[in-house]
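Asks: Mind looking over this structure? Questions follow.
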Amino acid sequence: MLKYRRGFTFIEMLLAIAIFALVGLASISVLTSVSKSDELSRESGQRLIEIQRTMLMLERDFMQISARHVRINGEAAEKNRLVGEQYLLNSEDHGISFSRQGWRNPGMILPRSELQAVAYRLQEGSLQRLFTLYPDAVTGTEPRVQVLQTDLTGFEIEYFNGDKWLKRWQDSMMPSAIKVILVHTYLGQIERIFMLPDGLTAEAARSE
């Protein structure tokens, strides 16, 4: 005689399905959270890399700054060796223009010097580095544009004259230090002070 075998009841089946569903939902939630955290971590790391690259570029340009007179938009050379003020070069905030040395041209292979006209400005939330192939570009020459940083809401520059910080610089002499303030949408305010090379002010005075 066959023994009676008791199976799962309908309620027990529903309960088991409900438990499996809850476990599945919890697993999806954990996986989604981990994936989102990983994505945010990558985005944060990319922002830090951009900031480091931007600061490195600024430092390189400022450390090789030249006492040469600058030209704005290819116009005649000004008496100033560094020009910096708000809205310069159609910047949405501060802008700065100067010349730098050390633009490598081994053996003078390329038809240019090792001097480079450089400028920085803020446009559409991006920090742009402008440069021309020739330091004395003719009027109307469009500069090359290199985007260094995105997601910015502010770009401020201050100049130390040995006594105080100034927000505008138009002088035949050079400041002793330059302060750059970036206002980032996600990282907040980032500030860095760059000391200009020793003897730069004296060099500018001698070439007067």
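Labeling convention for the structure tokens: chains A, B, ... as they appear, residues from 1 per chain, ligands from 1 in order of appearance.
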Counting only C-alpha atoms, what is within 8 Å of Leu122 of chain A, bar same-chain residues fewer than 5 positions away, as a compact mmCIF listing (two decimals) with N, CA and C atoms, in the first residue's frame?
Replies:
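Once written, around22.txt looks like this:
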```txt
# COMPACT_ATOMS: atom_id res chain seq x y z
N SER A 91 36.52 86.70 -22.27
CA SER A 91 36.34 85.75 -21.19
C SER A 91 35.06 86.08 -20.42
N GLU A 92 34.41 85.04 -19.91
CA GLU A 92 33.22 85.24 -19.10
C GLU A 92 33.58 85.62 -17.68
N ASP A 93 34.84 85.52 -17.33
CA ASP A 93 35.34 85.96 -16.04
C ASP A 93 36.69 86.62 -16.29
N HIS A 94 37.70 86.25 -15.56
CA HIS A 94 39.01 86.86 -15.77
C HIS A 94 39.72 86.25 -16.97
N GLY A 95 40.67 87.01 -17.52
CA GLY A 95 41.51 86.53 -18.60
C GLY A 95 42.93 87.02 -18.39
N LEU A 127 37.67 76.20 -19.09
CA LEU A 127 38.91 76.98 -19.06
C LEU A 127 39.67 76.69 -20.33
N GLN A 128 39.91 77.73 -21.12
CA GLN A 128 40.57 77.57 -22.41
C GLN A 128 41.97 78.18 -22.37
N GLY A 154 33.56 79.75 -12.37
CA GLY A 154 34.35 80.94 -12.10
C GLY A 154 35.83 80.70 -12.36
N PHE A 155 36.51 81.76 -12.82
CA PHE A 155 37.95 81.73 -13.06
C PHE A 155 38.49 83.11 -12.71
```
Asks: At a cut-off of 8 Å, using only C-alpha atoms, what residues contact Glu191 of chain A? Leave out same-chain residues fewer than 5 positions from it and give the result as a ChimeraX atom specification.
Replies: /A:179-182
Asks: Can you spit out the residues from that selection as an mmCIF file, in the first residue's frame, using N, CA, C and O atoms?
Replies:
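Contents of selection.cif, as written:
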```
data_model
loop_
_atom_site.group_PDB
_atom_site.id
_atom_site.type_symbol
_atom_site.label_atom_id
_atom_site.label_comp_id
_atom_site.auth_asym_id
_atom_site.auth_seq_id
_atom_site.Cartn_x
_atom_site.Cartn_y
_atom_site.Cartn_z
ATOM 1 N N LYS A 179 47.866 84.362 -8.282
ATOM 2 C CA LYS A 179 46.914 83.467 -7.611
ATOM 3 C C LYS A 179 45.794 83.118 -8.595
ATOM 4 O O LYS A 179 45.169 83.997 -9.181
ATOM 5 N N VAL A 180 45.549 81.835 -8.767
ATOM 6 C CA VAL A 180 44.488 81.356 -9.653
ATOM 7 C C VAL A 180 43.403 80.703 -8.798
ATOM 8 O O VAL A 180 43.688 79.846 -7.959
ATOM 9 N N ILE A 181 42.167 81.128 -9.020
ATOM 10 C CA ILE A 181 41.021 80.581 -8.281
ATOM 11 C C ILE A 181 40.041 79.992 -9.283
ATOM 12 O O ILE A 181 39.498 80.706 -10.132
ATOM 13 N N LEU A 182 39.829 78.688 -9.193
ATOM 14 C CA LEU A 182 38.850 78.000 -10.023
ATOM 15 C C LEU A 182 37.636 77.659 -9.176
ATOM 16 O O LEU A 182 37.787 77.133 -8.066
#
```
Asks: Compile the contact shell of Ile51 of chain A as a PyMOL selection string: residues with an atom at most 9 Å away, counting only C-alpha atoms, same-chain residues fewer than 4 positions apart removed.
Replies: chain A and resi 46-47+55-56+148-149+190
Asks: How would you write, as a PyMOL selection string, the set of residues in segment 10-163 of chain A that DSSP gives as strand (DSSP E)?
Replies: chain A and resi 82-86+94-100+116-123+126-131+144-149+152-160
Asks: Find the residues around Arg129 of chain A up to 6 Å (only C-alpha atoms counted), leave out those fewer than 5 positions away in its own chain, and share them as a count of residues only.
Replies: 4
Asks: For atom CA of Asn161 of chain A and atom CA of Ser176 of chain A, determine how far apart the two atoms are, in Å to one decimal place.
Replies: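 Value for the atom CA of Asn161 of chain A-atom CA of Ser176 of chain A distance: 6.0 Å.
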Asks: Using atom CA of Trp169 of chain A and atom CA of Met195 of chain A as the two end points, give the distance in Å to one decimal.
Replies: 15.6 Å
Asks: I'd like the contact shell of Gln101 of chain A - 12 Å cut-off, only C-alpha atoms, skipping same-chain residues fewer than 6 positions apart - returned as a list in words.
Replies: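 Returned residues: Arg60, Asp61, Phe62, Met63, Gln64, Ile65, Ser66, Ala67, Arg68, Ser113, Glu114, Leu115, Gln116, Ala117, Val118 and Pro135 of chain A.
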Asks: Work out how far atom CA of Thr185 of chain A is from atom CA of Ser35 of chain A, in Å to one decimal.
Replies: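 Taking atom CA of Ser35 of chain A and atom CA of Thr185 of chain A, their separation equals 22.9 Å.
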Asks: Which is closer to Gly125 of chain A than all the others in A:Ile17, A:Leu89, A:Leu82, A:Val183, using only C-alpha atoms?
Replies: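 Smallest distance to Gly125 of chain A is found for A:Val183.
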